[in-house]
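Containing mmCIF, C-alpha atoms and all ligand atoms: my_file_30.cif.
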```
data_coords
loop_
_atom_site.group_PDB
_atom_site.id
_atom_site.type_symbol
_atom_site.label_atom_id
_atom_site.label_comp_id
_atom_site.auth_asym_id
_atom_site.auth_seq_id
_atom_site.Cartn_x
_atom_site.Cartn_y
_atom_site.Cartn_z
ATOM 1 C CA MET A 1 -64.711 86.575 14.818
ATOM 2 C CA SER A 2 -62.912 83.896 16.845
ATOM 3 C CA TYR A 3 -60.849 81.440 14.840
ATOM 4 C CA GLU A 4 -60.419 77.677 15.138
ATOM 5 C CA THR A 5 -58.213 76.877 12.163
ATOM 6 C CA ILE A 6 -55.873 79.865 12.078
ATOM 7 C CA LEU A 7 -54.019 82.030 14.591
ATOM 8 C CA THR A 8 -53.496 85.765 14.285
ATOM 9 C CA GLU A 9 -51.142 87.972 16.205
ATOM 10 C CA LYS A 10 -50.227 91.640 15.874
ATOM 11 C CA LYS A 11 -46.514 92.273 16.237
ATOM 12 C CA GLY A 12 -46.184 96.040 16.106
ATOM 13 C CA ALA A 13 -47.343 97.028 12.618
ATOM 14 C CA VAL A 14 -47.059 93.455 11.305
ATOM 15 C CA THR A 15 -49.868 90.889 11.417
ATOM 16 C CA LEU A 16 -48.762 87.270 11.679
ATOM 17 C CA ILE A 17 -51.355 84.789 10.399
ATOM 18 C CA THR A 18 -50.670 81.086 10.990
ATOM 19 C CA LEU A 19 -52.549 78.230 9.332
ATOM 20 C CA ASN A 20 -53.203 76.024 12.321
ATOM 21 C CA ARG A 21 -54.271 72.485 11.430
ATOM 22 C CA PRO A 22 -50.846 70.852 11.818
ATOM 23 C CA LYS A 23 -52.272 67.328 12.200
ATOM 24 C CA ALA A 24 -53.813 67.641 8.727
ATOM 25 C CA LEU A 25 -50.671 69.372 7.425
ATOM 26 C CA ASN A 26 -52.666 72.635 7.427
ATOM 27 C CA ALA A 27 -54.982 71.400 4.668
ATOM 28 C CA LEU A 28 -57.244 74.168 3.451
ATOM 29 C CA ASN A 29 -60.920 73.447 4.073
ATOM 30 C CA SER A 30 -63.875 75.820 3.787
ATOM 31 C CA GLN A 31 -63.528 76.909 7.400
ATOM 32 C CA VAL A 32 -59.879 77.886 6.851
ATOM 33 C CA LEU A 33 -60.935 79.912 3.836
ATOM 34 C CA THR A 34 -63.728 81.705 5.735
ATOM 35 C CA GLU A 35 -61.408 82.479 8.631
ATOM 36 C CA LEU A 36 -58.543 83.600 6.380
ATOM 37 C CA ILE A 37 -60.855 85.942 4.472
ATOM 38 C CA ASP A 38 -61.940 87.462 7.783
ATOM 39 C CA ALA A 39 -58.353 87.742 9.059
ATOM 40 C CA PHE A 40 -57.137 89.381 5.847
ATOM 41 C CA ALA A 41 -60.084 91.819 5.911
ATOM 42 C CA ALA A 42 -59.265 92.711 9.536
ATOM 43 C CA PHE A 43 -55.626 93.264 8.560
ATOM 44 C CA GLU A 44 -56.606 95.381 5.552
ATOM 45 C CA ASN A 45 -59.014 97.537 7.589
ATOM 46 C CA ASP A 46 -56.741 98.062 10.608
ATOM 47 C CA GLU A 47 -54.828 101.297 10.101
ATOM 48 C CA SER A 48 -52.168 100.239 12.623
ATOM 49 C CA GLN A 49 -51.263 97.183 10.497
ATOM 50 C CA LEU A 50 -49.028 97.734 7.481
ATOM 51 C CA CYS A 51 -47.712 94.328 6.368
ATOM 52 C CA ALA A 52 -48.624 90.675 7.044
ATOM 53 C CA VAL A 53 -46.854 87.334 7.135
ATOM 54 C CA LEU A 54 -48.694 84.069 6.445
ATOM 55 C CA THR A 55 -47.134 80.816 7.601
ATOM 56 C CA GLY A 56 -48.075 77.270 8.612
ATOM 57 C CA ALA A 57 -48.014 75.766 12.108
ATOM 58 C CA GLY A 58 -45.693 72.844 12.757
ATOM 59 C CA ASP A 59 -42.460 72.008 10.991
ATOM 60 C CA LYS A 60 -43.928 69.789 8.250
ATOM 61 C CA ALA A 61 -46.139 71.999 6.132
ATOM 62 C CA PHE A 62 -47.166 75.450 5.040
ATOM 63 C CA ALA A 63 -50.281 73.757 3.616
ATOM 64 C CA ALA A 64 -50.559 70.361 1.904
ATOM 65 C CA GLY A 65 -53.388 71.548 -0.322
ATOM 66 C CA ALA A 66 -57.132 71.911 -0.373
ATOM 67 C CA ASP A 67 -58.728 69.452 2.050
ATOM 68 C CA ILE A 68 -59.097 66.242 0.072
ATOM 69 C CA LYS A 69 -61.397 64.755 2.725
ATOM 70 C CA GLU A 70 -63.797 67.666 2.278
ATOM 71 C CA MET A 71 -63.741 67.383 -1.510
ATOM 72 C CA ALA A 72 -63.823 63.588 -1.843
ATOM 73 C CA ASP A 73 -67.619 63.073 -1.754
ATOM 74 C CA LYS A 74 -68.738 66.497 -2.854
ATOM 75 C CA PRO A 75 -70.899 66.402 -6.012
ATOM 76 C CA ALA A 76 -69.637 68.358 -9.017
ATOM 77 C CA ALA A 77 -72.808 70.454 -9.040
ATOM 78 C CA ASP A 78 -71.959 71.762 -5.556
ATOM 79 C CA PHE A 79 -68.455 72.804 -6.607
ATOM 80 C CA LEU A 80 -70.062 74.772 -9.424
ATOM 81 C CA LYS A 81 -72.952 76.239 -7.437
ATOM 82 C CA GLU A 82 -70.653 77.377 -4.607
ATOM 83 C CA ASP A 83 -68.039 78.578 -7.094
ATOM 84 C CA TYR A 84 -65.803 76.528 -4.794
ATOM 85 C CA PHE A 85 -62.877 78.478 -3.359
ATOM 86 C CA SER A 86 -63.476 81.568 -5.508
ATOM 87 C CA GLY A 87 -62.997 83.540 -2.271
ATOM 88 C CA TRP A 88 -59.234 83.062 -2.518
ATOM 89 C CA THR A 89 -59.057 85.238 -5.587
ATOM 90 C CA ASN A 90 -61.914 87.611 -4.882
ATOM 91 C CA ASP A 91 -61.388 88.302 -1.195
ATOM 92 C CA ILE A 92 -57.753 87.560 -0.484
ATOM 93 C CA VAL A 93 -55.936 88.607 -3.640
ATOM 94 C CA LYS A 94 -58.059 91.427 -5.016
ATOM 95 C CA LYS A 95 -59.272 93.158 -1.853
ATOM 96 C CA VAL A 96 -55.981 93.163 0.059
ATOM 97 C CA ARG A 97 -54.012 96.200 -1.043
ATOM 98 C CA LYS A 98 -51.447 96.014 1.756
ATOM 99 C CA PRO A 99 -48.490 93.680 1.187
ATOM 100 C CA TRP A 100 -48.186 90.223 2.682
ATOM 101 C CA ILE A 101 -45.435 87.635 2.606
ATOM 102 C CA ALA A 102 -45.747 83.843 2.565
ATOM 103 C CA ALA A 103 -43.195 82.185 4.866
ATOM 104 C CA VAL A 104 -43.154 78.619 3.552
ATOM 105 C CA ASN A 105 -41.965 75.824 5.797
ATOM 106 C CA GLY A 106 -42.274 72.242 4.515
ATOM 107 C CA PHE A 107 -44.969 71.200 2.023
ATOM 108 C CA ALA A 108 -46.743 73.801 -0.102
ATOM 109 C CA LEU A 109 -48.775 71.533 -2.348
ATOM 110 C CA GLY A 110 -51.822 72.053 -4.543
ATOM 111 C CA GLY A 111 -53.891 74.811 -2.945
ATOM 112 C CA GLY A 112 -51.009 75.376 -0.506
ATOM 113 C CA CYS A 113 -48.646 76.210 -3.342
ATOM 114 C CA GLU A 114 -51.383 78.299 -4.928
ATOM 115 C CA LEU A 115 -51.988 80.207 -1.692
ATOM 116 C CA ALA A 116 -48.261 80.905 -1.312
ATOM 117 C CA MET A 117 -48.163 82.212 -4.893
ATOM 118 C CA MET A 118 -51.002 84.652 -4.061
ATOM 119 C CA ALA A 119 -48.635 86.378 -1.608
ATOM 120 C CA ASP A 120 -46.626 89.366 -2.752
ATOM 121 C CA PHE A 121 -43.539 87.222 -2.401
ATOM 122 C CA ILE A 122 -42.408 83.978 -0.845
ATOM 123 C CA ILE A 123 -39.554 83.324 1.579
ATOM 124 C CA ALA A 124 -38.852 79.595 1.896
ATOM 125 C CA SER A 125 -37.112 77.450 4.455
ATOM 126 C CA GLU A 126 -34.560 74.864 3.312
ATOM 127 C CA ASN A 127 -37.131 72.099 3.780
ATOM 128 C CA ALA A 128 -39.830 73.752 1.633
ATOM 129 C CA LYS A 129 -41.363 71.638 -1.124
ATOM 130 C CA PHE A 130 -43.632 73.101 -3.758
ATOM 131 C CA GLY A 131 -45.878 71.138 -6.086
ATOM 132 C CA GLN A 132 -49.151 70.881 -7.969
ATOM 133 C CA PRO A 133 -50.020 67.196 -7.438
ATOM 134 C CA GLU A 134 -53.713 67.579 -8.382
ATOM 135 C CA ILE A 135 -53.225 65.384 -11.443
ATOM 136 C CA LYS A 136 -52.691 62.398 -9.130
ATOM 137 C CA LEU A 137 -56.189 63.004 -7.742
ATOM 138 C CA GLY A 138 -57.737 63.107 -11.207
ATOM 139 C CA VAL A 139 -58.137 66.878 -11.237
ATOM 140 C CA ALA A 140 -56.092 69.981 -12.059
ATOM 141 C CA PRO A 141 -55.152 73.095 -10.075
ATOM 142 C CA GLY A 142 -58.174 75.266 -9.281
ATOM 143 C CA MET A 143 -56.787 78.294 -7.464
ATOM 144 C CA GLY A 144 -54.255 79.596 -9.935
ATOM 145 C CA GLY A 145 -51.582 76.873 -9.987
ATOM 146 C CA SER A 146 -51.461 76.384 -13.726
ATOM 147 C CA GLN A 147 -51.502 80.147 -14.313
ATOM 148 C CA ARG A 148 -49.290 81.604 -11.570
ATOM 149 C CA LEU A 149 -46.733 78.779 -11.468
ATOM 150 C CA THR A 150 -46.221 79.152 -15.225
ATOM 151 C CA ARG A 151 -45.603 82.881 -14.826
ATOM 152 C CA PHE A 152 -43.121 82.273 -12.012
ATOM 153 C CA VAL A 153 -41.072 79.380 -13.374
ATOM 154 C CA GLY A 154 -41.875 79.297 -17.106
ATOM 155 C CA LYS A 155 -43.781 76.830 -19.236
ATOM 156 C CA SER A 156 -41.373 73.907 -19.234
ATOM 157 C CA LYS A 157 -41.057 73.485 -15.466
ATOM 158 C CA ALA A 158 -44.704 74.348 -14.766
ATOM 159 C CA MET A 159 -45.900 71.888 -17.385
ATOM 160 C CA GLU A 160 -43.670 69.125 -16.052
ATOM 161 C CA MET A 161 -44.763 69.767 -12.478
ATOM 162 C CA CYS A 162 -48.476 69.848 -13.347
ATOM 163 C CA LEU A 163 -48.252 66.740 -15.561
ATOM 164 C CA THR A 164 -46.165 64.613 -13.176
ATOM 165 C CA GLY A 165 -47.043 66.076 -9.775
ATOM 166 C CA ARG A 166 -43.338 66.249 -8.952
ATOM 167 C CA MET A 167 -42.311 68.482 -6.070
ATOM 168 C CA MET A 168 -39.735 71.237 -6.358
ATOM 169 C CA GLY A 169 -37.314 71.722 -3.471
ATOM 170 C CA ALA A 170 -36.356 75.085 -1.996
ATOM 171 C CA GLU A 171 -33.077 75.442 -3.851
ATOM 172 C CA GLU A 172 -34.725 74.776 -7.230
ATOM 173 C CA ALA A 173 -37.585 77.111 -6.297
ATOM 174 C CA GLU A 174 -35.142 79.944 -5.632
ATOM 175 C CA ARG A 175 -33.189 79.242 -8.816
ATOM 176 C CA SER A 176 -36.438 79.233 -10.814
ATOM 177 C CA GLY A 177 -37.726 82.529 -9.419
ATOM 178 C CA LEU A 178 -40.589 81.087 -7.393
ATOM 179 C CA VAL A 179 -39.198 82.298 -4.062
ATOM 180 C CA THR A 180 -37.168 85.366 -3.222
ATOM 181 C CA ARG A 181 -34.758 83.513 -0.919
ATOM 182 C CA VAL A 182 -34.156 80.379 1.113
ATOM 183 C CA VAL A 183 -33.239 80.492 4.790
ATOM 184 C CA SER A 184 -32.826 77.839 7.475
ATOM 185 C CA ALA A 185 -36.005 76.538 9.084
ATOM 186 C CA ASP A 186 -34.989 78.169 12.384
ATOM 187 C CA GLU A 187 -34.535 81.531 10.710
ATOM 188 C CA LEU A 188 -37.669 81.505 8.542
ATOM 189 C CA LEU A 189 -40.169 83.307 10.721
ATOM 190 C CA ASP A 190 -37.681 85.871 12.044
ATOM 191 C CA ASP A 191 -36.510 86.622 8.531
ATOM 192 C CA ALA A 192 -40.076 87.041 7.225
ATOM 193 C CA LEU A 193 -41.110 89.207 10.177
ATOM 194 C CA ARG A 194 -37.997 91.376 9.839
ATOM 195 C CA THR A 195 -38.711 91.826 6.139
ATOM 196 C CA ALA A 196 -42.336 92.697 6.915
ATOM 197 C CA GLU A 197 -41.153 95.254 9.493
ATOM 198 C CA THR A 198 -38.902 96.829 6.882
ATOM 199 C CA ILE A 199 -41.875 97.183 4.533
ATOM 200 C CA ALA A 200 -44.049 98.479 7.380
ATOM 201 C CA GLY A 201 -41.458 101.220 7.928
ATOM 202 C CA MET A 202 -41.824 102.513 4.365
ATOM 203 C CA PRO A 203 -44.209 105.326 3.320
ATOM 204 C CA PRO A 204 -47.621 103.580 3.115
ATOM 205 C CA LEU A 205 -48.922 105.190 -0.091
ATOM 206 C CA ALA A 206 -45.679 104.376 -1.877
ATOM 207 C CA VAL A 207 -45.947 100.783 -0.591
ATOM 208 C CA MET A 208 -49.465 100.488 -2.000
ATOM 209 C CA ILE A 209 -48.480 101.887 -5.398
ATOM 210 C CA ASN A 210 -45.319 99.777 -5.655
ATOM 211 C CA LYS A 211 -47.386 96.637 -4.980
ATOM 212 C CA GLU A 212 -49.983 97.627 -7.560
ATOM 213 C CA MET A 213 -47.394 98.440 -10.194
ATOM 214 C CA VAL A 214 -45.457 95.186 -9.887
ATOM 215 C CA ASN A 215 -48.789 93.360 -10.180
ATOM 216 C CA VAL A 216 -49.718 95.403 -13.254
ATOM 217 C CA ALA A 217 -46.611 93.965 -14.922
ATOM 218 C CA TYR A 218 -48.308 90.572 -14.780
ATOM 219 C CA GLU A 219 -51.569 91.741 -16.248
ATOM 220 C CA THR A 220 -50.789 94.047 -19.118
ATOM 221 C CA VAL A 221 -48.489 94.656 -22.061
ATOM 222 C CA LEU A 222 -45.247 96.579 -21.517
ATOM 223 C CA ASP A 223 -46.328 99.909 -23.061
ATOM 224 C CA GLN A 224 -49.464 100.155 -20.904
ATOM 225 C CA GLY A 225 -47.557 99.022 -17.820
ATOM 226 C CA LEU A 226 -44.870 101.657 -18.354
ATOM 227 C CA LEU A 227 -47.502 104.366 -18.803
ATOM 228 C CA ALA A 228 -49.373 103.275 -15.651
ATOM 229 C CA GLU A 229 -46.105 103.209 -13.709
ATOM 230 C CA ARG A 230 -45.093 106.688 -14.887
ATOM 231 C CA ARG A 231 -48.493 108.146 -14.001
ATOM 232 C CA MET A 232 -48.436 106.577 -10.537
ATOM 233 C CA PHE A 233 -44.919 107.921 -9.977
ATOM 234 C CA GLN A 234 -46.202 111.382 -10.939
ATOM 235 C CA VAL A 235 -49.204 111.001 -8.593
ATOM 236 C CA LEU A 236 -46.923 110.046 -5.689
ATOM 237 C CA THR A 237 -44.895 113.236 -6.163
ATOM 238 C CA ALA A 238 -47.997 115.104 -4.885
ATOM 239 C CA THR A 239 -47.912 113.359 -1.485
ATOM 240 C CA GLU A 240 -46.612 114.807 1.775
ATOM 241 C CA ASP A 241 -44.517 111.661 2.169
ATOM 242 C CA LYS A 242 -42.638 112.496 -1.039
ATOM 243 C CA THR A 243 -41.817 115.993 0.253
ATOM 244 C CA GLU A 244 -40.760 114.510 3.600
ATOM 245 C CA GLY A 245 -38.812 111.613 2.040
ATOM 246 C CA MET A 246 -36.708 113.809 -0.212
ATOM 247 C CA LYS A 247 -36.174 116.415 2.536
ATOM 248 C CA ALA A 248 -35.112 113.656 4.954
ATOM 249 C CA PHE A 249 -32.585 112.369 2.415
ATOM 250 C CA VAL A 250 -31.039 115.796 2.004
ATOM 251 C CA GLU A 251 -30.983 116.306 5.788
ATOM 252 C CA LYS A 252 -29.461 112.820 6.274
ATOM 253 C CA ARG A 253 -32.182 111.548 8.651
ATOM 254 C CA PRO A 254 -34.920 108.880 8.455
ATOM 255 C CA GLY A 255 -38.296 109.927 7.015
ATOM 256 C CA ASN A 256 -41.305 110.465 9.250
ATOM 257 C CA TRP A 257 -44.224 109.008 7.250
ATOM 258 C CA LYS A 258 -47.789 110.305 7.363
ATOM 259 C CA GLY A 259 -49.436 108.074 4.761
ATOM 260 C CA ARG A 260 -50.724 111.078 2.815
HETATM 261 C C1 LIG A 301 -56.658 66.509 3.761
HETATM 262 C C2 LIG A 301 -54.529 65.894 4.316
HETATM 263 C C3 LIG A 301 -54.025 66.547 3.165
HETATM 264 C C4 LIG A 301 -54.944 67.200 2.301
HETATM 265 C C5 LIG A 301 -52.366 65.666 4.232
HETATM 266 N N1 LIG A 301 -53.475 65.384 4.948
HETATM 267 N N2 LIG A 301 -52.674 66.371 3.136
HETATM 268 N N3 LIG A 301 -55.833 65.902 4.604
HETATM 269 N N4 LIG A 301 -56.249 67.134 2.645
HETATM 270 N N5 LIG A 301 -54.550 67.852 1.210
HETATM 271 C C6 LIG A 301 -53.563 64.633 6.198
HETATM 272 C C7 LIG A 301 -53.384 63.138 5.975
HETATM 273 O O1 LIG A 301 -54.587 62.546 5.563
HETATM 274 C C8 LIG A 301 -52.963 62.691 7.368
HETATM 275 O O2 LIG A 301 -54.104 62.634 8.185
HETATM 276 C C9 LIG A 301 -52.108 63.854 7.855
HETATM 277 O O3 LIG A 301 -52.492 64.981 7.051
HETATM 278 C C10 LIG A 301 -50.631 63.606 7.661
HETATM 279 O O4 LIG A 301 -50.386 63.275 6.312
HETATM 280 P P1 LIG A 301 -49.573 61.991 5.838
HETATM 281 O O5 LIG A 301 -49.971 61.687 4.455
HETATM 282 O O6 LIG A 301 -49.698 60.892 6.845
HETATM 283 O O7 LIG A 301 -48.074 62.558 5.892
HETATM 284 P P2 LIG A 301 -46.841 62.105 5.000
HETATM 285 O O8 LIG A 301 -46.784 60.625 4.852
HETATM 286 O O9 LIG A 301 -45.663 62.789 5.599
HETATM 287 O O10 LIG A 301 -47.112 62.705 3.546
HETATM 288 C C11 LIG A 301 -47.142 64.102 3.372
HETATM 289 C C12 LIG A 301 -47.757 64.440 1.976
HETATM 290 C C13 LIG A 301 -49.114 63.729 1.829
HETATM 291 C C14 LIG A 301 -46.800 63.990 0.881
HETATM 292 C C15 LIG A 301 -47.892 65.966 1.917
HETATM 293 O O11 LIG A 301 -49.907 64.019 3.006
HETATM 294 C C16 LIG A 301 -49.893 64.150 0.612
HETATM 295 O O12 LIG A 301 -49.587 63.741 -0.494
HETATM 296 N N6 LIG A 301 -50.958 64.974 0.819
HETATM 297 C C17 LIG A 301 -51.844 65.374 -0.248
HETATM 298 C C18 LIG A 301 -51.206 66.455 -1.100
HETATM 299 C C19 LIG A 301 -52.129 66.868 -2.245
HETATM 300 O O13 LIG A 301 -52.515 66.044 -3.075
HETATM 301 N N7 LIG A 301 -52.511 68.140 -2.307
HETATM 302 C C20 LIG A 301 -53.369 68.689 -3.328
HETATM 303 C C21 LIG A 301 -54.795 68.654 -2.866
HETATM 304 S S1 LIG A 301 -55.920 69.146 -4.160
HETATM 305 P P3 LIG A 301 -54.492 61.287 9.002
HETATM 306 O O14 LIG A 301 -55.796 61.650 9.649
HETATM 307 O O15 LIG A 301 -54.569 60.202 8.015
HETATM 308 O O16 LIG A 301 -53.350 61.132 9.962
HETATM 309 C C22 LIG A 301 -55.886 70.797 -4.202
HETATM 310 C C23 LIG A 301 -56.776 71.421 -5.233
HETATM 311 C C24 LIG A 301 -56.848 72.929 -5.135
HETATM 312 O O17 LIG A 301 -55.202 71.425 -3.455
HETATM 313 C C25 LIG A 301 -57.934 73.504 -5.979
HETATM 314 C C26 LIG A 301 -59.239 73.729 -5.255
HETATM 315 C C27 LIG A 301 -60.183 74.671 -5.923
#
```

Could I get this file's structure written as structure tokens?
Ligand code: HXC
Amino acid sequence: MSYETILTEKKGAVTLITLNRPKALNALNSQVLTELIDAFAAFENDESQLCAVLTGAGDKAFAAGADIKEMADKPAADFLKEDYFSGWTNDIVKKVRKPWIAAVNGFALGGGCELAMMADFIIASENAKFGQPEIKLGVAPGMGGSQRLTRFVGKSKAMEMCLTGRMMGAEEAERSGLVTRVVSADELLDDALRTAETIAGMPPLAVMINKEMVNVAYETVLDQGLLAERRMFQVLTATEDKTEGMKAFVEKRPGNWKGR
């Protein structure tokens, strides 16, 4: 599939996906969604690709939200019939088992903030601004904003942000646990790509299980999460990569991963 609204590039074992509608501050319309689903599926199915980075073109925005111009005249019945934007959750979050990082430059608002929160983690530039301003449009978040933001930053901040539409700057986002770190705008992409390369250099099965287990922590009670984690640890001890990884440690050399 050739893309018009996103760019994709393979950099070694890392796929870089760039939202590419800078004039519209990378607003997320249906075409972006279709193309992103395809790009994430290609990444997931390509055995040479082990980690991805998602960012926004231009220096102003990661994504300033779902495309308001596309939604403005759309009848409510169509939103319901299409199950509008359900593909974010079904095809991007659930089907992608390999890790991906959101590198957030500038605005991440509404659906843009929600898309960033679907990533496995977020690295932000100093000029990043996060927010759920849907209330100002007479609606509410529809792609996880009220749910994921609350889990990241707690009820008080999430409630205030959803009720007032106020934006959170990068420093506050780091302090509140929304992003893993803040770097300068110039450094952002290099930092995210370097981090992705580090992950791509890890044993692939262990990467997959670590991602699943951290996500389980969000979806279950502690006892069940601890049991699932222990079982997955025990399963991983049966892999060739575990034998190699522990042998490599003892022999003081890097591991040579097979993904089995
Ligand atoms: C469509 C958008 C857009 C959006 C910006 N643009 N955000 N187009 N949808 N979400 C367009 C503008 O119309 C303008 O195009 C161009 O991008 C530049 O934007 P400006 O407003 O001129 O820039 P600036 O003055 O710097 O203000 C930046 C901004 C503002 C503060 C980010 O653009 C803004 O408030 N955008 C809307 C943010 C928002 O409400 N997002 C939530 C959307 S709802 P033209 O052609 O005029 O130059 C949502 C719901 C998700 O995401 C749930 C769905 C299921």

Collect all residues with atoms no farther than 9 Å from ligand LIG 301 (chain A), counting all atoms listed in the file, and output them as a compact mmCIF listing (two decimals) with C-alpha atoms, keeping the file's coordinate frame.
```txt
# COMPACT_ATOMS: atom_id res chain seq x y z
CA ARG A 21 -54.27 72.48 11.43
CA PRO A 22 -50.85 70.85 11.82
CA LYS A 23 -52.27 67.33 12.20
CA ALA A 24 -53.81 67.64 8.73
CA LEU A 25 -50.67 69.37 7.42
CA ASN A 26 -52.67 72.64 7.43
CA ALA A 27 -54.98 71.40 4.67
CA LEU A 28 -57.24 74.17 3.45
CA ASN A 29 -60.92 73.45 4.07
CA LYS A 60 -43.93 69.79 8.25
CA ALA A 61 -46.14 72.00 6.13
CA ALA A 63 -50.28 73.76 3.62
CA ALA A 64 -50.56 70.36 1.90
CA GLY A 65 -53.39 71.55 -0.32
CA ALA A 66 -57.13 71.91 -0.37
CA ASP A 67 -58.73 69.45 2.05
CA ILE A 68 -59.10 66.24 0.07
CA LYS A 69 -61.40 64.76 2.72
CA GLU A 70 -63.80 67.67 2.28
CA MET A 71 -63.74 67.38 -1.51
CA PHE A 79 -68.46 72.80 -6.61
CA ASP A 83 -68.04 78.58 -7.09
CA TYR A 84 -65.80 76.53 -4.79
CA PHE A 85 -62.88 78.48 -3.36
CA SER A 86 -63.48 81.57 -5.51
CA GLY A 106 -42.27 72.24 4.51
CA PHE A 107 -44.97 71.20 2.02
CA ALA A 108 -46.74 73.80 -0.10
CA LEU A 109 -48.78 71.53 -2.35
CA GLY A 110 -51.82 72.05 -4.54
CA GLY A 111 -53.89 74.81 -2.94
CA GLY A 112 -51.01 75.38 -0.51
CA CYS A 113 -48.65 76.21 -3.34
CA GLU A 114 -51.38 78.30 -4.93
CA GLY A 131 -45.88 71.14 -6.09
CA GLN A 132 -49.15 70.88 -7.97
CA PRO A 133 -50.02 67.20 -7.44
CA GLU A 134 -53.71 67.58 -8.38
CA ILE A 135 -53.22 65.38 -11.44
CA LYS A 136 -52.69 62.40 -9.13
CA LEU A 137 -56.19 63.00 -7.74
CA VAL A 139 -58.14 66.88 -11.24
CA ALA A 140 -56.09 69.98 -12.06
CA PRO A 141 -55.15 73.10 -10.07
CA GLY A 142 -58.17 75.27 -9.28
CA MET A 143 -56.79 78.29 -7.46
CA GLY A 144 -54.26 79.60 -9.94
CA GLY A 145 -51.58 76.87 -9.99
CA GLY A 165 -47.04 66.08 -9.78
```

* Structure fact -> One decimal place gives the CA of Glu44 in chain A-CA of Lys98 in chain A separation as 6.4 Å

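Here CA of Thr180 in chain A stands at a distance of 16.9 Å from CA of Tyr218 in chain A.
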
* Please provide as a PyMOL selection string all residues within 8 Å of Asn127 in chain A, with the sequence filter that same-chain residues fewer than 4 positions apart are discarded (counting only C-alpha atoms). => chain A and resi 105-106+169-170+185

* To do: State, in Å with one decimal place, the distance from CA of Gly225 in chain A to CA of Asn210 in chain A.
  =>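 CA of Asn210 in chain A lies 12.4 Å from CA of Gly225 in chain A.
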
* To do: Pick out the closest residue to Trp88 in chain A from this set: A:Ala128, A:Leu193, A:Ala76, A:Met117. Count all atoms listed in the file.
  =>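 The shortest atom-to-atom distance to Trp88 in chain A comes from A:Met117.
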
* Asked: So, counting all atoms listed in the file, which residue among A:Lys211, A:Ser176, A:Met168, A:Ile6 is closest to Trp100 in chain A?
  ->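 Selected residue with least distance to Trp100 in chain A: A:Lys211.
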
* Rank nothing, just name the residue among A:Asp120, A:Asp186, A:Glu9, A:Asp78 nearest to Met208 in chain A, using only C-alpha atoms. =>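 Of A:Asp120, A:Asp186, A:Glu9, A:Asp78, the one nearest Met208 in chain A is A:Asp120, counting only C-alpha atoms.
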
* Given the choices A:Gly245, A:Pro75, A:Gly201, A:Pro254, which gets closest to Gln49 in chain A if the distance is worked out from all atoms listed in the file? -> A:Gly201

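Minimum atom-to-atom distances from A:Leu178, A:Ala206, A:Leu226, A:Leu80 to Glu240 in chain A were compared using only C-alpha atoms, and the lowest value belongs to A:Ala206.
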
* Which of these residues is nearest to Ala228 in chain A, using all atoms listed in the file: A:Glu244, A:Lys129, A:Glu4, A:Ile209? ->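 So, comparing all the options, the nearest one is A:Ile209.
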
* **Explicit residues for the PyMOL selection byres (((chain A and resi 153) around 10) and not hetatm) (as a list in words)** =>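 Applied to this file, the PyMOL selection byres (((chain A and resi 153) around 10) and not hetatm) returns Arg148, Leu149, Thr150, Arg151, Phe152, Gly154, Lys155, Ser156, Lys157, Ala158, Met159, Glu172, Ala173, Glu174, Arg175, Ser176, Gly177, Leu178 and Val179 of chain A.
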
Find the smallest box with edges along x, y and z containing every listed atom of range 11-28 of chain A, then add 6 Å on each side and report centre and edge lengths in Å to one decimal, as JSON.
```
{"center_x": -51.7, "center_y": 82.2, "center_z": 9.8, "size_x": 23.1, "size_y": 41.7, "size_z": 24.8}
```

* Nearby residues, (-58.0, 89.0, -3.1) file frame, 12 Å, all atoms listed in the file, as a list in words ->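 Returned residue set, sorted by chain then number, is Leu33, Leu36, Ile37, Asp38, Phe40, Ala41, Glu44, Phe85, Ser86, Gly87, Trp88, Thr89, Asn90, Asp91, Ile92, Val93, Lys94, Lys95, Val96, Arg97, Lys98, Pro99, Trp100, Leu115, Met118, Ala119, Asp120 and Met143 of chain A.
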
* Check what the PyMOL selection byres (((chain A and resi 256) around 12) and not hetatm) selects in the file above and give those residues as a ChimeraX atom specification. => /A:201-204,240-249,253-255,257-260
